[in-house]
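Here's the structure we're looking at; comments come further down.
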Amino acid sequence: MRMPEPDKAALGKRSELVAAFREFLPASSVVVDEAGLRAFECDGLTAYRQPPMIAVLPETTAEVSRILKLCKDAGVKVVPRGSGTSLSGGALPLADGVLLGLGKFNRVLEIDYPNRAVTVQPGVTNLAITQAVETDGFYYAPDPSSQIACSIGGNVAENSGGVHCLKYGLTTNNILGLEVVLIDGEVIRLGGKHLDAEGYDLMGVLTGSEGLLGVVTEVTVRILRKPEVARALLVGFSSVVAGGACVGRIIAAGIIPAGIEMMDRPAIHAAEAFCHPGYPMDVESLLIVELDGPEAEVEYLVDVVSGICRESGAVSVRASTSEAERLAFWAGRKAAFPAIGRLSPDYYCMDGTIPRNRLPEVLERMAEMSTRYGLRVANVFHAGDGNLHPLILYDANSEDELERAEAFGAEILTLCVEVGGVLTGEHGVGVEKRDLMGTMFTEIDLKQQQRLKCAFDPDGLLNPGKVFPTLHRCAELGRVHVHRGQMPFPDLPRF
Amino acid sequence: MPGDVRPLSEEHLREVVAYAIAANEPLEVRGLGSRRGFGRPVHAKGTIDLSGFTGVSLYEPEELVMVAGAATPLAEVEATLKQRGQQLAFEPPRLGRFFGRPDQDGSIGGIFACNLAGPRRFKAGAARDHLLGFRGVSGRAEIFKGGGRVMKNVTGYDLCKLMAGSFGTLTALTEVTFKVLPAPEKLRTVLALGLTADQSVQALAAAAGSPHEVSGLSYLPAAIAAESTVDFVRDAGTSVTAIRVEGPGPSVAYRTEALRRMLAGQGSGQEELHTGRSDSFWAEVRDVAPLLGRDRPVWRLSVTPGLGGSLLDRLCRDLGADGYLDAAGGTVWLAVDAKLADGGAAAIRAALGPGGHATLLRGPDGLRSRIEVFQPQPGPVAALTRRIKEGFDPKGVLNPGRMYDGV
């Protein structure tokens with residue numbers, strides 16, 4: 001993975017910028033020492049490390065605005081960072097860039113139950129939003145598995161999902177308003193507590209833009225009333241194909257469960273060995289189907305779904321009868337990553353999405369790749385929405401295993417695109433999948449996306465080197481290649 | 001370019017746009033033309049008629065996805081989904097009658113281009129939340145695509161969001177890929193009668209914050225309710241607060257009872273609509289039917305829900321308007337006096353307070369040229385909007401001025 005060459009001119013402005021930042025930030029909020037900078041050298045994708053030139057830790061929107069303005073005027077790049085849990089290297093610093101840490105933006109600003117909205121600063125963790133309202137019976141629906149640590153600002157940047165997004169949507173479907181600072185220091189507010197901010201949907205494009213368009217300094221999210229009841233079914237199948245077909249039948253029956261998760265045999269065994277959730281060991285695939293809602297509805301649907309599972313050839317069907325049992329069903333799934341981590345010194349988590357009905361073929365070809373690369377793979381799958389997380393097991397200390405794991409991962413993602421899916425369902429492109437963008441998009445598609453960036457950030461200073469494999473200058477992207485005054489299409493029909 | 005052009009392929013469409021750029025002749029972008037009255041009038045010599053891009057090309061009910069030509073009639077899409085017990089969860093309105101074209105409810109691409117949604121909006125999202133992918137030709141005369149066909153996709157910028165609600169000013173859409181969902185088995189509506197607008201908004205907020213998964217929250221003042229085609233609503237003789245629940249039979253019955261208990265003692269009484277009447281009632285709310293017979297400018301206000309009740313009262317009084325509430329008060333529909341020079345724009349926008357916006361959804365051409373149809377944007381947002389337009393359509397050949405002057 002190559003990042004843009006460090007810009008010598010930018011490096012030369014280091015002391016000048018540090019002095020300028022210190023005029024309005026306390027010394028402890030402008031990090032310049034090597035040990036301090038190392039704390040920011042990577043995010044959740046630990047294979048890539050690079051300390052930033054400077055790290056700044058502002059506390060107010062006005063400070064963020066001044067920092068960005070200074071960087072823009074100096075022509076210095078900026079990498080925004082929330083909690084640093086990105087799995088795609090979205091917050092990987094640049095050697096010649098300023099790292100803008102938003103961890104001090106950690107306050108819940110307003111809880112508004114009548115309008116079912118909560119306004120928070122971007123450094124508040126995803127789980128903390130739910131914790132702020134749960135005693136009153138509310139919650140924030142998107143629940144990425146890193147929710148204990150990941151920040152809501154990061155969730156906006158990555159458009160994070162979670163196990164419940166089949167029914168409740170992704171981050172983009174659950175936010176109402178944003179305050180954003182643009183690279184020139186301008187502060188804009190989008191949306192609020194009302195729906196459908198009109199004009200071009202800037203909130204929609206900022207969500208999932210991986211820190212390339214602006215810096216989010218305030219977020220208003222929609223909260224929901226906690227469902228009366230949630231129950232889970234644990235369903236085992238003697239083949240992966242049967243498990244996948246069952247998911248299709250449940251949905252075709254008109255049921256949208258709160259979550260449908262699937263694990264393959266290696267993942268089931270790893271989870272069982274790790275935390276003993278009581279998973280059946282003699283099955284090839286395991287489904288967890290969660291149903292939530294009013295009690296009368298959940299009771300009814302548990303029966304309907306159990307019936308569909310049996311008709312689909314399930315070899316075991318268990319419905320949770322207590323909250324403790326439901327949580328036990330989930331414990332294994334939620335611990336799947338560390339459980340698999342115990343099988344191997346390192347693992348590499350992939351994140352493609354596929355049309356669900358192509359699952360058998362994808363798993364079969366993945367097994368073939370596993371043999372070819374000589375690396376084991378375990379699969380957990382957000383089966384309801386087709387989001388696949390293959391975990392490739394490798395040992396970074398063993399010669400060339402990281403390289404092989406990366407090549408294996410790239411081949412899996414290319415396969416996802418080939419069967420009609422996409423490179424990433426919820427982890428983001430970052431640096432990790434940047435060079436694969438061409439498998440999904442044409443050069444024209446990618447240039448059009450980059451023109452959107454030009455509208456926000458004409459000098460390309462916000463998080464460059466992420467998402468797009470080729471950096472184009474905005475002036476070059478702006479040209480229109482059509483000759484004026486000619487009649488190039490004489491055969492054009494008119495009527 | 002004189003007259004209309006009706007391209008039949010993306011390549012042909014690309015040539016048309018290339019010609020428009022070269023000749024500096026902006027084009028009006030049109031699907032089935034049913035919503036031409038929405039937005040500012042476009043001044044263009046020619047029209048790109050996209051009606052050739054039609055038909056459902058992929059429908060996989062188990063994958064909850066459909067792909068269709070942008071000009072596929074909404075009615076065709078919905079009929080196809082209905083055969084498999086599915087629907088567009090965002091409940092797109094049928095606005096043919098509203099815009100004076102009773103025979104034409106428009107295309108699926110137009111629904112996305114205008115980002116329309118019905119009463120289920122507050123729960124299920126708007127059109128924007130269901131667009132998964134698209135193909136089209138930009139104002140740079142380039143064929144490109146965005147998004148994909150799967151529900152979970154964060155690969156690159158979410159251009160689908162940008163296309164939704166861009167009114168054809170960035171790209172002439174040729175194909176849309178969207179999420180479809182199961183239609184509910186049963187629906188029922190609880191009516192609370194005789195509440196004031198403010199009382200109603202409080203009751204609606206309580207219902208929205210309840211665990212009963214309500215999917216419609218509307219308030220009709222007495223005069224509006226009296227014109228409903230649904231007997232229980234028409235004959236109520238007072239205002240009607242309506243709360244919808246949908247789902248499997250046993251669940252709907254249970255939640256209806258729970259909501260009735262919750263509303264007990266409020267207003268002058270209760271009623272209940274079962275599936276058939278509920279269907280008709282919510283179609284009226286969705287299609288702005290209560291304001292149809294009034295040949296007056298119609299506004300849609302989107303506000304913090306709790307403010308909707310007092311806004312409705314105040315604007316009806318000050319402007320001699322009629323109106324009703326949807327989305328728990330978050331949507332205020334208003335029909336204003338046709339004699340107001342600015343269609344009430346200044347008074348309405350002043351009343352909004354911070355946040356929120358007001359859109360003139362229907363009005364005569366003259367009025368739509370004279371005033372801002374969409375909520376005016378603060379300087380930096382307007383500048384950003386302009387730069388985005390330039391990125392997709394630098395010569396301004398696609399629907400120029402439809403949203404804002406120069407955009």
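A note on labels: chains of the structure tokens are A, B, ... as shown, every chain counts residues from 1, and ligands are counted from 1 in their shown order.
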
Requested in this report: Compile the contact shell of region 375-383 of chain A as an NGL selection string: residues with an atom at most 7 Å away, counting only C-alpha atoms, same-chain residues fewer than 4 positions apart removed.
Outcome: :A and (163 or 260-264 or 266-267 or 356 or 370-371 or 387-394)

Report task. Within 6 Å of chain A, which residues of chain B are there when counting only C-alpha atoms? Please give them as number ranges by chain. Result -> B: 4-5, 22, 62, 144, 151-155, 157-158, 161-162, 166, 182, 205, 209, 211, 251, 302-304, 355, 387-388, 391

Requested in this report: Figure out the distance between CA of Gly353 (chain B) and CA of Val288 (chain B), please, to one decimal in Å.
Outcome: 24.3 Å

Requested in this report: Would you list, as a ChimeraX atom specification, the residues of region 273-386 of chain A that end up in alpha helix (DSSP H) under DSSP run on this structure's backbone?
Outcome: /A:273-275,295-311,323-334,336-341,359-373

Could you write out the selected residues, including C-alpha atoms, as a JSON list (two decimals), in the first residue's frame?
```json
[["chain", "number", "residue", "atom", "x", "y", "z"],
["A", 273, "ALA", "CA", -14.55, -23.20, 22.32],
["A", 274, "PHE", "CA", -14.12, -19.56, 23.33],
["A", 275, "CYS", "CA", -17.22, -18.86, 25.41],
["A", 295, "GLU", "CA", -44.99, -9.11, 22.72],
["A", 296, "ALA", "CA", -47.97, -10.42, 20.76],
["A", 297, "GLU", "CA", -46.08, -9.99, 17.49],
["A", 298, "VAL", "CA", -42.89, -11.64, 18.67],
["A", 299, "GLU", "CA", -44.73, -14.68, 20.08],
["A", 300, "TYR", "CA", -46.54, -15.09, 16.79],
["A", 301, "LEU", "CA", -43.44, -14.65, 14.63],
["A", 302, "VAL", "CA", -41.31, -17.02, 16.70],
["A", 303, "ASP", "CA", -43.81, -19.74, 15.80],
["A", 304, "VAL", "CA", -43.97, -18.78, 12.13],
["A", 305, "VAL", "CA", -40.18, -18.55, 11.74],
["A", 306, "SER", "CA", -39.61, -21.82, 13.64],
["A", 307, "GLY", "CA", -41.97, -23.48, 11.17],
["A", 308, "ILE", "CA", -40.15, -22.03, 8.18],
["A", 309, "CYS", "CA", -36.82, -23.24, 9.60],
["A", 310, "ARG", "CA", -38.11, -26.78, 10.03],
["A", 311, "GLU", "CA", -39.56, -26.78, 6.51],
["A", 323, "GLU", "CA", -33.42, -12.75, 28.19],
["A", 324, "ALA", "CA", -30.39, -14.61, 29.58],
["A", 325, "GLU", "CA", -30.78, -17.31, 26.95],
["A", 326, "ARG", "CA", -31.17, -14.77, 24.15],
["A", 327, "LEU", "CA", -27.97, -13.05, 25.24],
["A", 328, "ALA", "CA", -26.21, -16.42, 25.41],
["A", 329, "PHE", "CA", -27.16, -17.10, 21.78],
["A", 330, "TRP", "CA", -25.60, -13.77, 20.86],
["A", 331, "ALA", "CA", -22.54, -14.15, 23.10],
["A", 332, "GLY", "CA", -20.90, -16.59, 20.71],
["A", 333, "ARG", "CA", -21.60, -14.47, 17.65],
["A", 334, "LYS", "CA", -20.44, -11.29, 19.31],
["A", 336, "ALA", "CA", -16.65, -14.54, 17.03],
["A", 337, "PHE", "CA", -13.77, -12.23, 16.15],
["A", 338, "PRO", "CA", -11.74, -12.73, 19.34],
["A", 339, "ALA", "CA", -12.68, -16.42, 19.30],
["A", 340, "ILE", "CA", -11.25, -16.81, 15.83],
["A", 341, "GLY", "CA", -8.35, -14.61, 16.90],
["A", 359, "LEU", "CA", -23.70, -17.29, -1.03],
["A", 360, "PRO", "CA", -23.17, -21.01, -1.79],
["A", 361, "GLU", "CA", -21.07, -20.21, -4.85],
["A", 362, "VAL", "CA", -19.06, -17.56, -3.01],
["A", 363, "LEU", "CA", -18.32, -19.89, -0.09],
["A", 364, "GLU", "CA", -17.33, -22.68, -2.41],
["A", 365, "ARG", "CA", -14.88, -20.49, -4.31],
["A", 366, "MET", "CA", -13.57, -19.09, -1.05],
["A", 367, "ALA", "CA", -12.80, -22.63, 0.14],
["A", 368, "GLU", "CA", -10.87, -23.21, -3.06],
["A", 369, "MET", "CA", -8.91, -19.98, -2.50],
["A", 370, "SER", "CA", -8.22, -21.02, 1.08],
["A", 371, "THR", "CA", -6.52, -24.16, -0.18],
["A", 372, "ARG", "CA", -4.64, -22.27, -2.84],
["A", 373, "TYR", "CA", -3.33, -19.57, -0.50]]
```

Query - Those of region 8-209 of chain A in DSSP strand (DSSP E), formatted as a VMD selection string - result: chain A and resid 30 to 31 54 to 56 77 to 81 97 to 101 108 to 112 117 to 120 138 to 139 175 to 181 187 to 191

**Report entry** Nearby residues (only C-alpha atoms) at most 10 Å from Gly96 (chain B), same-chain spacing under 5 positions excluded, as an MDAnalysis selection string
**Finding:** chainID B and resid 33:35 101:106 287

How about saving the chosen residues, N, CA, C and O atoms kept, as an mmCIF file, in the first residue's frame?
```
data_model
loop_
_atom_site.group_PDB
_atom_site.id
_atom_site.type_symbol
_atom_site.label_atom_id
_atom_site.label_comp_id
_atom_site.auth_asym_id
_atom_site.auth_seq_id
_atom_site.Cartn_x
_atom_site.Cartn_y
_atom_site.Cartn_z
ATOM 1 N N GLY B 33 -43.454 13.307 -17.025
ATOM 2 C CA GLY B 33 -44.012 14.660 -17.028
ATOM 3 C C GLY B 33 -45.095 14.917 -15.997
ATOM 4 O O GLY B 33 -45.747 15.958 -16.034
ATOM 5 N N SER B 34 -45.267 14.004 -15.050
ATOM 6 C CA SER B 34 -46.389 14.169 -14.123
ATOM 7 C C SER B 34 -46.129 15.227 -13.054
ATOM 8 O O SER B 34 -47.046 15.747 -12.463
ATOM 9 N N ARG B 35 -44.872 15.519 -12.799
ATOM 10 C CA ARG B 35 -44.548 16.453 -11.724
ATOM 11 C C ARG B 35 -43.821 17.688 -12.247
ATOM 12 O O ARG B 35 -43.006 18.279 -11.552
ATOM 13 N N ARG B 101 -53.056 16.038 -13.505
ATOM 14 C CA ARG B 101 -52.937 14.983 -14.526
ATOM 15 C C ARG B 101 -53.478 13.687 -13.940
ATOM 16 O O ARG B 101 -52.711 12.775 -13.613
ATOM 17 N N PRO B 102 -54.797 13.580 -13.776
ATOM 18 C CA PRO B 102 -55.365 12.436 -13.062
ATOM 19 C C PRO B 102 -54.970 11.088 -13.661
ATOM 20 O O PRO B 102 -55.014 10.073 -12.973
ATOM 21 N N ASP B 103 -54.585 11.084 -14.929
ATOM 22 C CA ASP B 103 -54.251 9.814 -15.578
ATOM 23 C C ASP B 103 -52.787 9.444 -15.409
ATOM 24 O O ASP B 103 -52.336 8.422 -15.891
ATOM 25 N N GLN B 104 -52.028 10.300 -14.733
ATOM 26 C CA GLN B 104 -50.576 10.101 -14.773
ATOM 27 C C GLN B 104 -49.953 10.292 -13.387
ATOM 28 O O GLN B 104 -49.815 11.425 -12.923
ATOM 29 N N ASP B 105 -49.615 9.185 -12.744
ATOM 30 C CA ASP B 105 -48.987 9.277 -11.431
ATOM 31 C C ASP B 105 -47.471 9.237 -11.514
ATOM 32 O O ASP B 105 -46.795 9.135 -10.507
ATOM 33 N N GLY B 106 -46.951 9.290 -12.718
ATOM 34 C CA GLY B 106 -45.524 9.485 -12.861
ATOM 35 C C GLY B 106 -44.696 8.221 -12.790
ATOM 36 O O GLY B 106 -45.193 7.107 -12.688
ATOM 37 N N ASP B 287 -51.588 11.421 -0.616
ATOM 38 C CA ASP B 287 -51.725 12.093 -1.912
ATOM 39 C C ASP B 287 -52.165 13.553 -1.790
ATOM 40 O O ASP B 287 -52.556 14.168 -2.778
#
```
